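Student: So I've got this file, data_30.cif, and it contains mmCIF, C-alpha atoms:
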```cif
data_my_file
#
loop_
_atom_site.label_atom_id
_atom_site.label_comp_id
_atom_site.auth_asym_id
_atom_site.auth_seq_id
_atom_site.Cartn_x
_atom_site.Cartn_y
_atom_site.Cartn_z
CA GLY A 1 115.49 76.55 105.56
CA GLN A 2 114.41 79.01 102.93
CA GLN A 3 115.72 82.50 103.54
CA LEU A 4 115.25 85.81 101.79
CA ASN A 5 117.84 88.57 102.12
CA GLN A 6 116.13 91.93 101.93
CA SER A 7 117.98 95.24 101.77
CA PRO A 8 118.31 97.87 102.89
CA GLN A 9 117.03 97.26 106.41
CA SER A 10 115.83 100.86 106.66
CA MET A 11 115.70 104.01 104.56
CA PHE A 12 115.25 107.66 105.46
CA ILE A 13 114.36 109.81 102.45
CA GLN A 14 112.92 113.20 101.57
CA GLU A 15 109.47 113.50 100.04
CA GLY A 16 109.70 113.40 96.26
CA GLU A 17 112.73 111.11 96.13
CA ASP A 18 112.71 107.73 94.43
CA VAL A 19 113.23 104.57 96.47
CA SER A 20 114.69 101.21 95.53
CA MET A 21 114.83 98.04 97.61
CA ASN A 22 115.64 94.46 96.72
CA CYS A 23 115.38 90.89 97.81
CA THR A 24 117.63 87.93 96.99
CA SER A 25 117.57 84.22 97.62
CA SER A 26 119.89 81.27 97.12
CA SER A 27 116.91 79.24 95.84
CA ILE A 28 114.73 79.59 92.77
CA PHE A 29 111.11 80.63 93.25
CA ASN A 30 108.24 80.86 90.76
CA THR A 31 106.34 83.66 92.52
CA TRP A 32 107.62 86.86 94.11
CA LEU A 33 105.37 89.15 96.11
CA TRP A 34 105.76 92.59 97.65
CA TYR A 35 103.73 93.58 100.72
CA LYS A 36 103.46 96.80 102.75
CA GLN A 37 102.69 96.80 106.46
CA GLU A 38 101.63 99.89 108.40
CA PRO A 39 101.54 100.13 112.20
CA GLY A 40 98.68 98.14 113.71
CA GLU A 41 97.81 96.50 110.41
CA GLY A 42 98.51 93.26 108.62
CA PRO A 43 100.57 93.18 105.42
CA VAL A 44 98.81 94.37 102.27
CA LEU A 45 99.76 92.94 98.88
CA LEU A 46 101.20 95.58 96.54
CA ILE A 47 102.48 93.62 93.55
CA ALA A 48 102.59 89.94 92.56
CA LEU A 49 105.12 88.62 90.01
CA TYR A 50 104.68 85.23 88.35
CA LYS A 51 107.16 85.18 85.41
CA ALA A 52 110.93 85.53 85.35
CA GLY A 53 111.85 88.88 83.86
CA GLU A 54 108.36 90.27 84.46
CA LEU A 55 108.14 94.01 85.18
CA THR A 56 104.88 95.11 86.81
CA SER A 57 103.66 98.53 87.90
CA ASN A 58 101.01 99.61 90.38
CA GLY A 59 100.77 103.39 90.32
CA ARG A 60 104.11 104.80 91.50
CA LEU A 61 105.34 101.31 92.39
CA THR A 62 107.28 99.11 89.99
CA ALA A 63 108.59 95.63 90.72
CA GLN A 64 110.63 93.17 88.70
CA PHE A 65 111.03 89.40 88.93
CA GLY A 66 114.71 88.65 88.31
CA ILE A 67 115.62 86.58 85.28
CA THR A 68 117.44 84.03 87.45
CA ARG A 69 114.26 83.66 89.58
CA LYS A 70 116.43 84.28 92.65
CA ASP A 71 115.77 87.98 93.15
CA SER A 72 113.31 90.83 92.86
CA PHE A 73 113.34 94.58 93.34
CA LEU A 74 110.73 97.20 94.19
CA ASN A 75 110.95 100.83 93.16
CA ILE A 76 108.79 103.67 94.46
CA SER A 77 108.89 106.87 92.46
CA ALA A 78 108.25 110.39 93.80
CA SER A 79 107.71 109.25 97.40
CA ILE A 80 105.01 110.84 99.53
CA PRO A 81 104.50 110.76 103.33
CA SER A 82 101.88 108.00 103.13
CA ASP A 83 104.52 105.65 101.66
CA VAL A 84 105.85 105.26 105.21
CA GLY A 85 105.74 101.68 106.41
CA ILE A 86 107.59 98.39 106.28
CA TYR A 87 107.93 96.73 102.89
CA PHE A 88 108.31 92.95 102.75
CA CYS A 89 109.25 90.71 99.89
CA ALA A 90 107.77 87.20 100.01
CA VAL A 91 107.86 84.01 97.98
CA LYS A 92 105.67 80.95 97.74
CA GLY A 93 107.69 78.46 99.77
CA GLY A 94 105.83 75.23 99.15
CA SER A 95 103.10 73.65 101.30
CA GLU A 96 101.05 76.73 100.43
CA LYS A 97 103.12 78.90 102.78
CA LEU A 98 104.57 82.35 102.19
CA VAL A 99 108.18 82.99 103.19
CA PHE A 100 108.90 86.63 104.03
CA GLY A 101 112.04 88.74 104.11
CA LYS A 102 112.87 90.76 107.22
CA GLY A 103 111.50 93.95 105.72
CA THR A 104 112.68 97.42 104.71
CA LYS A 105 111.45 100.19 106.99
CA LEU A 106 110.79 103.35 104.98
CA THR A 107 110.63 106.80 106.56
CA VAL A 108 109.67 109.78 104.38
CA ASN A 109 110.45 113.28 105.63
CA PRO A 110 108.02 115.90 104.34
CA ASP B 1 82.73 93.96 102.17
CA ALA B 2 84.42 92.99 105.44
CA GLY B 3 88.02 91.93 105.26
CA VAL B 4 89.69 89.32 107.44
CA THR B 5 88.77 89.88 111.07
CA GLN B 6 90.68 88.70 114.11
CA SER B 7 89.92 88.68 117.82
CA PRO B 8 90.99 89.75 120.28
CA THR B 9 93.13 92.66 119.09
CA HIS B 10 95.40 92.54 122.13
CA LEU B 11 96.00 89.95 124.82
CA ILE B 12 98.23 89.68 127.88
CA LYS B 13 98.97 86.25 129.36
CA THR B 14 101.48 84.80 131.79
CA ARG B 15 103.92 81.97 131.20
CA GLY B 16 102.35 78.53 131.24
CA GLN B 17 98.88 79.74 130.33
CA HIS B 18 96.91 78.78 127.26
CA VAL B 19 95.56 81.15 124.58
CA THR B 20 93.00 80.89 121.78
CA LEU B 21 93.03 83.34 118.90
CA ARG B 22 90.19 83.60 116.41
CA CYS B 23 89.96 84.49 112.72
CA SER B 24 87.07 85.03 110.32
CA PRO B 25 88.05 84.91 106.65
CA ILE B 26 86.70 87.07 103.87
CA SER B 27 83.25 85.88 102.85
CA GLY B 28 83.60 83.12 100.26
CA HIS B 29 87.20 82.30 101.19
CA LYS B 30 87.81 78.69 102.19
CA SER B 31 91.50 78.78 103.09
CA VAL B 32 92.97 80.25 106.26
CA SER B 33 96.65 80.56 107.16
CA TRP B 34 98.27 81.61 110.43
CA TYR B 35 101.55 83.49 110.77
CA GLN B 36 103.64 84.65 113.74
CA GLN B 37 105.41 88.00 113.46
CA VAL B 38 108.01 88.75 116.09
CA LEU B 39 109.02 92.41 116.46
CA GLY B 40 111.46 93.44 113.74
CA GLN B 41 110.94 90.33 111.62
CA GLY B 42 108.75 89.25 108.75
CA PRO B 43 105.77 86.95 109.36
CA GLN B 44 106.56 83.24 109.81
CA PHE B 45 104.16 80.55 108.60
CA ILE B 46 102.51 78.42 111.27
CA PHE B 47 99.56 76.59 109.64
CA GLN B 48 97.30 76.53 106.62
CA TYR B 49 93.81 75.04 106.61
CA TYR B 50 91.61 74.45 103.58
CA GLU B 51 88.13 72.96 103.75
CA LYS B 52 88.74 72.14 107.43
CA GLU B 53 91.84 70.09 106.72
CA GLU B 54 95.43 70.99 107.56
CA ARG B 55 97.31 71.63 104.31
CA GLY B 56 100.62 72.85 105.68
CA ARG B 57 102.52 73.27 108.91
CA GLY B 58 105.54 75.42 109.68
CA ASN B 59 108.42 74.75 112.03
CA PHE B 60 106.56 75.33 115.31
CA PRO B 61 106.32 73.06 118.36
CA ASP B 62 103.31 70.89 119.15
CA ARG B 63 102.18 73.51 121.66
CA PHE B 64 100.73 75.26 118.63
CA SER B 65 97.55 73.81 117.15
CA ALA B 66 94.72 75.07 114.99
CA ARG B 67 91.42 74.06 113.52
CA GLN B 68 88.95 75.31 110.93
CA PHE B 69 85.21 75.24 111.40
CA PRO B 70 82.42 74.47 108.86
CA ASN B 71 81.90 78.23 108.34
CA TYR B 72 85.64 78.46 107.44
CA SER B 73 86.54 80.51 110.52
CA SER B 74 89.59 79.31 112.39
CA GLU B 75 91.17 79.15 115.83
CA LEU B 76 94.84 79.09 116.74
CA ASN B 77 95.63 77.56 120.13
CA VAL B 78 98.92 77.87 121.97
CA ASN B 79 99.52 75.86 125.15
CA ALA B 80 102.12 76.33 127.89
CA LEU B 81 102.96 79.85 126.79
CA LEU B 82 106.59 80.97 126.81
CA LEU B 83 107.96 84.51 126.87
CA GLY B 84 109.15 83.96 123.28
CA ASP B 85 105.58 83.46 122.11
CA SER B 86 105.05 87.21 122.46
CA ALA B 87 104.32 88.37 118.92
CA LEU B 88 101.73 89.61 116.46
CA TYR B 89 99.67 86.65 115.22
CA LEU B 90 98.33 87.20 111.72
CA CYS B 91 95.58 85.35 109.94
CA ALA B 92 95.33 85.36 106.14
CA SER B 93 92.56 84.05 103.93
CA SER B 94 92.35 83.09 100.28
CA SER B 95 89.57 81.67 98.15
CA ILE B 96 91.39 78.43 97.46
CA ALA B 97 94.70 76.92 98.50
CA GLY B 98 96.94 77.27 95.49
CA ALA B 99 100.21 78.67 94.24
CA GLU B 100 98.77 81.79 92.64
CA GLU B 101 96.04 82.57 95.12
CA THR B 102 96.39 85.93 96.83
CA GLN B 103 96.39 85.82 100.62
CA TYR B 104 94.65 88.70 102.39
CA PHE B 105 95.83 89.45 105.91
CA GLY B 106 93.86 90.56 108.94
CA PRO B 107 95.12 93.21 111.40
CA GLY B 108 96.49 90.59 113.78
CA THR B 109 96.27 89.79 117.47
CA ARG B 110 99.11 91.19 119.55
CA LEU B 111 100.01 88.70 122.30
CA LEU B 112 102.22 89.65 125.22
CA VAL B 113 103.43 86.87 127.52
CA LEU B 114 104.73 88.01 130.91
#
```
Step by step, read the file and then write its structure as structure tokens.
Tutor:
Amino acid sequence: GQQLNQSPQSMFIQEGEDVSMNCTSSSIFNTWLWYKQEPGEGPVLLIALYKAGELTSNGRLTAQFGITRKDSFLNISASIPSDVGIYFCAVKGGSEKLVFGKGTKLTVNP
Amino acid sequence: DAGVTQSPTHLIKTRGQHVTLRCSPISGHKSVSWYQQVLGQGPQFIFQYYEKEERGRGNFPDRFSARQFPNYSSELNVNALLLGDSALYLCASSSIAGAEETQYFGPGTRLLVL
């Protein structure tokens, strides 16, 4: 089945540092999404990417849709404690479903 | 405006029992999807309903079923519960069922099967 490889699995950083995480697939997808999930909550959409090569920002977050349509990355600049959570990449997998990666758990030390 | 709401928030059942989880979409949204999230994993697609009709089904056994009501709320039913059904069950709604429609997730129902 469709599988997304998300890395790293976890990150421990100091407040103020920049963060980078990525997601790859063996298949081509036309939409890449990045979600954040905090404890006790459902995932919240951060950035949606619809065109190969597209670079989109949302505040301190920047995401890119790889030119091959098989990968995407998410960068967070100048991290703050409230950035803590699990970040998931996701793609539209057909039949209207979303296929998620396994997540990157981010811990920010003040 | 209220977001996606789910009930109950937590549930404990024993093996072999049946469970019904409920979801109310954002007002005006006609599509509801259900996902299962096992600890340490990303959400996995179970069902999508649009205008009361099933539009998609994930790789889950027939013990899992769902329906959507005329007011667009939805129920997920799981029969003959197994220990492995313990998970966070997420509901997501969108205004239509389409490739570029954003899905908004509820807080989930945490199910523990003993």
Student: Would you kindly identify which residues have an atom no farther than 9 Å from (98.2, 77.6, 109.1), using only C-alpha atoms and the file's own coordinates, and write them out as a list in words?
Tutor: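 Residues with an atom close enough to that point: Lys97 of chain A; Val32, Ser33, Trp34, Tyr35, Phe45, Ile46, Phe47, Gln48, Tyr49, Glu54, Arg55, Gly56, Arg57, Gly58, Ser65, Ala66, Arg67, Leu76, Cys91 and Ala92 of chain B.
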Student: Could you save those same residues with C-alpha atoms as a short mmCIF file (atom, residue, chain, number, x, y, z; two decimals), keeping the file's coordinate frame?
Tutor:
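Result file is out-v5.cif:
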```
data_model
loop_
_atom_site.label_atom_id
_atom_site.label_comp_id
_atom_site.auth_asym_id
_atom_site.auth_seq_id
_atom_site.Cartn_x
_atom_site.Cartn_y
_atom_site.Cartn_z
CA LYS A 97 103.12 78.90 102.78
CA VAL B 32 92.97 80.25 106.26
CA SER B 33 96.65 80.56 107.16
CA TRP B 34 98.27 81.61 110.43
CA TYR B 35 101.55 83.49 110.77
CA PHE B 45 104.16 80.55 108.60
CA ILE B 46 102.51 78.42 111.27
CA PHE B 47 99.56 76.59 109.64
CA GLN B 48 97.30 76.53 106.62
CA TYR B 49 93.81 75.04 106.61
CA GLU B 54 95.43 70.99 107.56
CA ARG B 55 97.31 71.63 104.31
CA GLY B 56 100.62 72.85 105.68
CA ARG B 57 102.52 73.27 108.91
CA GLY B 58 105.54 75.42 109.68
CA SER B 65 97.55 73.81 117.15
CA ALA B 66 94.72 75.07 114.99
CA ARG B 67 91.42 74.06 113.52
CA LEU B 76 94.84 79.09 116.74
CA CYS B 91 95.58 85.35 109.94
CA ALA B 92 95.33 85.36 106.14
#
```
Student: Near chain A, meaning an atom within 12 Å, which residues of chain B appear when counting only C-alpha atoms? Write them as a PyMOL selection string.
Tutor: chain B and resi 3-6+9-10+31-50+54-59+88-94+96-110
Student: Could you state which residues are captured by the PyMOL selection byres ((chain A and resi 55) around 10) in this file, as number ranges by chain?
Tutor: A: 49-54, 56-57, 62-66, 72-74
Student: Do you have the atom CA of B:Val78-atom CA of B:Lys13 distance handy?
Tutor: 11.2 Å
Student: Using all atoms listed in the file, list the residues that have an atom at most 10 Å from (82.0, 81.4, 101.9), coordinates as in the file, as a PyMOL selection string.
Tutor: chain B and resi 25-31+70-73+95
Student: Now that the selection is made, can you save its residues with C-alpha atoms as a JSON list (two decimals), in the coordinates of the input?
Tutor:
```
[["chain", "number", "residue", "atom", "x", "y", "z"],
["B", 25, "PRO", "CA", 88.05, 84.91, 106.65],
["B", 26, "ILE", "CA", 86.70, 87.07, 103.87],
["B", 27, "SER", "CA", 83.25, 85.88, 102.85],
["B", 28, "GLY", "CA", 83.60, 83.12, 100.26],
["B", 29, "HIS", "CA", 87.20, 82.30, 101.19],
["B", 30, "LYS", "CA", 87.81, 78.69, 102.19],
["B", 31, "SER", "CA", 91.50, 78.78, 103.09],
["B", 70, "PRO", "CA", 82.42, 74.47, 108.86],
["B", 71, "ASN", "CA", 81.90, 78.23, 108.34],
["B", 72, "TYR", "CA", 85.64, 78.46, 107.44],
["B", 73, "SER", "CA", 86.54, 80.51, 110.52],
["B", 95, "SER", "CA", 89.57, 81.67, 98.15]]
```
Student: So what do you get for atom CA of A:Thr107 versus atom CA of A:Asp18, distance-wise?
Tutor: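 These two atoms are separated by 12.3 Å.
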Student: Quick one: pull the distance between atom CA of B:Arg22 and atom CA of B:Asn77, Å, one decimal.
Tutor: 8.9 Å
Student: A:Ser82, A:Val91, A:Pro110, A:Ile13: which is nearest A:Tyr35, counting all atoms listed in the file?
Tutor: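 Counting all atoms listed in the file, the residue closest to A:Tyr35 is A:Val91.
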Student: Find the spatial neighbours of A:Glu15, counting all atoms listed in the file, within a cut-off of 7 Å - ignore same-chain residues fewer than 4 positions away - and output them as a ChimeraX atom specification.
Tutor: /A:79-81,108-110
Student: Choose the residue, out of A:Met11, A:Ile47, A:Val19, A:Leu106, that has the smallest atom-to-atom separation from A:Ala78; count only C-alpha atoms.
Tutor: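 Comparing A:Met11, A:Ile47, A:Val19, A:Leu106 against A:Ala78, the winner is A:Val19.
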Student: Could all heavy atoms be built for stretch 20-31 of chain A and written out as a PDB file, in the coordinates of the input?
Tutor:
```pdb
ATOM      1  N   SER A  20     114.481 102.533  96.102  1.00  0.00           N
ATOM      2  CA  SER A  20     114.690 101.210  95.530  1.00  0.00           C
ATOM      3  C   SER A  20     115.101 100.242  96.627  1.00  0.00           C
ATOM      4  O   SER A  20     115.950 100.549  97.454  1.00  0.00           O
ATOM      5  CB  SER A  20     115.779 101.268  94.454  1.00  0.00           C
ATOM      6  OG  SER A  20     115.900 100.007  93.825  1.00  0.00           O
ATOM      7  N   MET A  21     114.485  99.078  96.648  1.00  0.00           N
ATOM      8  CA  MET A  21     114.830  98.040  97.610  1.00  0.00           C
ATOM      9  C   MET A  21     114.826  96.698  96.888  1.00  0.00           C
ATOM     10  O   MET A  21     114.185  96.568  95.833  1.00  0.00           O
ATOM     11  CB  MET A  21     113.854  98.027  98.779  1.00  0.00           C
ATOM     12  CG  MET A  21     112.424  97.797  98.419  1.00  0.00           C
ATOM     13  SD  MET A  21     111.280  98.100  99.791  1.00  0.00           S
ATOM     14  CE  MET A  21     111.185  99.896  99.781  1.00  0.00           C
ATOM     15  N   ASN A  22     115.590  95.725  97.425  1.00  0.00           N
ATOM     16  CA  ASN A  22     115.640  94.460  96.720  1.00  0.00           C
ATOM     17  C   ASN A  22     115.660  93.279  97.662  1.00  0.00           C
ATOM     18  O   ASN A  22     115.839  93.414  98.865  1.00  0.00           O
ATOM     19  CB  ASN A  22     116.839  94.412  95.765  1.00  0.00           C
ATOM     20  CG  ASN A  22     118.136  94.390  96.526  1.00  0.00           C
ATOM     21  OD1 ASN A  22     118.544  93.371  97.053  1.00  0.00           O
ATOM     22  ND2 ASN A  22     118.797  95.529  96.605  1.00  0.00           N
ATOM     23  N   CYS A  23     115.510  92.129  97.075  1.00  0.00           N
ATOM     24  CA  CYS A  23     115.380  90.890  97.810  1.00  0.00           C
ATOM     25  C   CYS A  23     116.087  89.798  97.016  1.00  0.00           C
ATOM     26  O   CYS A  23     115.871  89.685  95.794  1.00  0.00           O
ATOM     27  CB  CYS A  23     113.892  90.573  97.934  1.00  0.00           C
ATOM     28  SG  CYS A  23     113.472  89.603  99.356  1.00  0.00           S
ATOM     29  N   THR A  24     116.931  89.005  97.682  1.00  0.00           N
ATOM     30  CA  THR A  24     117.630  87.930  96.990  1.00  0.00           C
ATOM     31  C   THR A  24     117.478  86.633  97.761  1.00  0.00           C
ATOM     32  O   THR A  24     117.213  86.620  98.969  1.00  0.00           O
ATOM     33  CB  THR A  24     119.131  88.236  96.837  1.00  0.00           C
ATOM     34  OG1 THR A  24     119.707  88.366  98.147  1.00  0.00           O
ATOM     35  CG2 THR A  24     119.358  89.506  96.046  1.00  0.00           C
ATOM     36  N   SER A  25     117.667  85.542  97.027  1.00  0.00           N
ATOM     37  CA  SER A  25     117.570  84.220  97.620  1.00  0.00           C
ATOM     38  C   SER A  25     118.595  83.297  96.991  1.00  0.00           C
ATOM     39  O   SER A  25     118.998  83.515  95.850  1.00  0.00           O
ATOM     40  CB  SER A  25     116.165  83.648  97.398  1.00  0.00           C
ATOM     41  OG  SER A  25     116.125  82.295  97.780  1.00  0.00           O
ATOM     42  N   SER A  26     118.988  82.267  97.700  1.00  0.00           N
ATOM     43  CA  SER A  26     119.890  81.270  97.120  1.00  0.00           C
ATOM     44  C   SER A  26     119.091  80.198  96.367  1.00  0.00           C
ATOM     45  O   SER A  26     119.681  79.371  95.665  1.00  0.00           O
ATOM     46  CB  SER A  26     120.728  80.601  98.224  1.00  0.00           C
ATOM     47  OG  SER A  26     119.883  80.024  99.197  1.00  0.00           O
ATOM     48  N   SER A  27     117.781  80.218  96.504  1.00  0.00           N
ATOM     49  CA  SER A  27     116.910  79.240  95.840  1.00  0.00           C
ATOM     50  C   SER A  27     116.080  79.914  94.762  1.00  0.00           C
ATOM     51  O   SER A  27     115.880  81.129  94.783  1.00  0.00           O
ATOM     52  CB  SER A  27     115.979  78.573  96.852  1.00  0.00           C
ATOM     53  OG  SER A  27     116.703  77.941  97.874  1.00  0.00           O
ATOM     54  N   ILE A  28     115.593  79.105  93.851  1.00  0.00           N
ATOM     55  CA  ILE A  28     114.730  79.590  92.770  1.00  0.00           C
ATOM     56  C   ILE A  28     113.271  79.550  93.234  1.00  0.00           C
ATOM     57  O   ILE A  28     112.846  78.569  93.860  1.00  0.00           O
ATOM     58  CB  ILE A  28     114.908  78.694  91.520  1.00  0.00           C
ATOM     59  CG1 ILE A  28     116.272  78.953  90.888  1.00  0.00           C
ATOM     60  CG2 ILE A  28     113.801  78.933  90.506  1.00  0.00           C
ATOM     61  CD1 ILE A  28     116.598  78.001  89.749  1.00  0.00           C
ATOM     62  N   PHE A  29     112.532  80.601  92.934  1.00  0.00           N
ATOM     63  CA  PHE A  29     111.110  80.630  93.250  1.00  0.00           C
ATOM     64  C   PHE A  29     110.314  81.048  92.024  1.00  0.00           C
ATOM     65  O   PHE A  29     110.810  81.792  91.183  1.00  0.00           O
ATOM     66  CB  PHE A  29     110.827  81.596  94.414  1.00  0.00           C
ATOM     67  CG  PHE A  29     111.414  81.119  95.714  1.00  0.00           C
ATOM     68  CD1 PHE A  29     112.595  81.657  96.199  1.00  0.00           C
ATOM     69  CD2 PHE A  29     110.796  80.116  96.430  1.00  0.00           C
ATOM     70  CE1 PHE A  29     113.142  81.224  97.387  1.00  0.00           C
ATOM     71  CE2 PHE A  29     111.338  79.662  97.629  1.00  0.00           C
ATOM     72  CZ  PHE A  29     112.527  80.214  98.104  1.00  0.00           C
ATOM     73  N   ASN A  30     109.086  80.577  91.930  1.00  0.00           N
ATOM     74  CA  ASN A  30     108.240  80.860  90.760  1.00  0.00           C
ATOM     75  C   ASN A  30     107.288  82.022  90.974  1.00  0.00           C
ATOM     76  O   ASN A  30     106.585  82.423  90.046  1.00  0.00           O
ATOM     77  CB  ASN A  30     107.447  79.615  90.393  1.00  0.00           C
ATOM     78  CG  ASN A  30     108.357  78.505  89.892  1.00  0.00           C
ATOM     79  OD1 ASN A  30     109.322  78.764  89.189  1.00  0.00           O
ATOM     80  ND2 ASN A  30     108.065  77.281  90.279  1.00  0.00           N
ATOM     81  N   THR A  31     107.214  82.523  92.215  1.00  0.00           N
ATOM     82  CA  THR A  31     106.340  83.660  92.520  1.00  0.00           C
ATOM     83  C   THR A  31     107.055  84.565  93.505  1.00  0.00           C
ATOM     84  O   THR A  31     107.564  84.094  94.512  1.00  0.00           O
ATOM     85  CB  THR A  31     105.016  83.185  93.154  1.00  0.00           C
ATOM     86  OG1 THR A  31     104.352  82.290  92.259  1.00  0.00           O
ATOM     87  CG2 THR A  31     104.104  84.366  93.455  1.00  0.00           C
TER      88      THR A  31
END
```
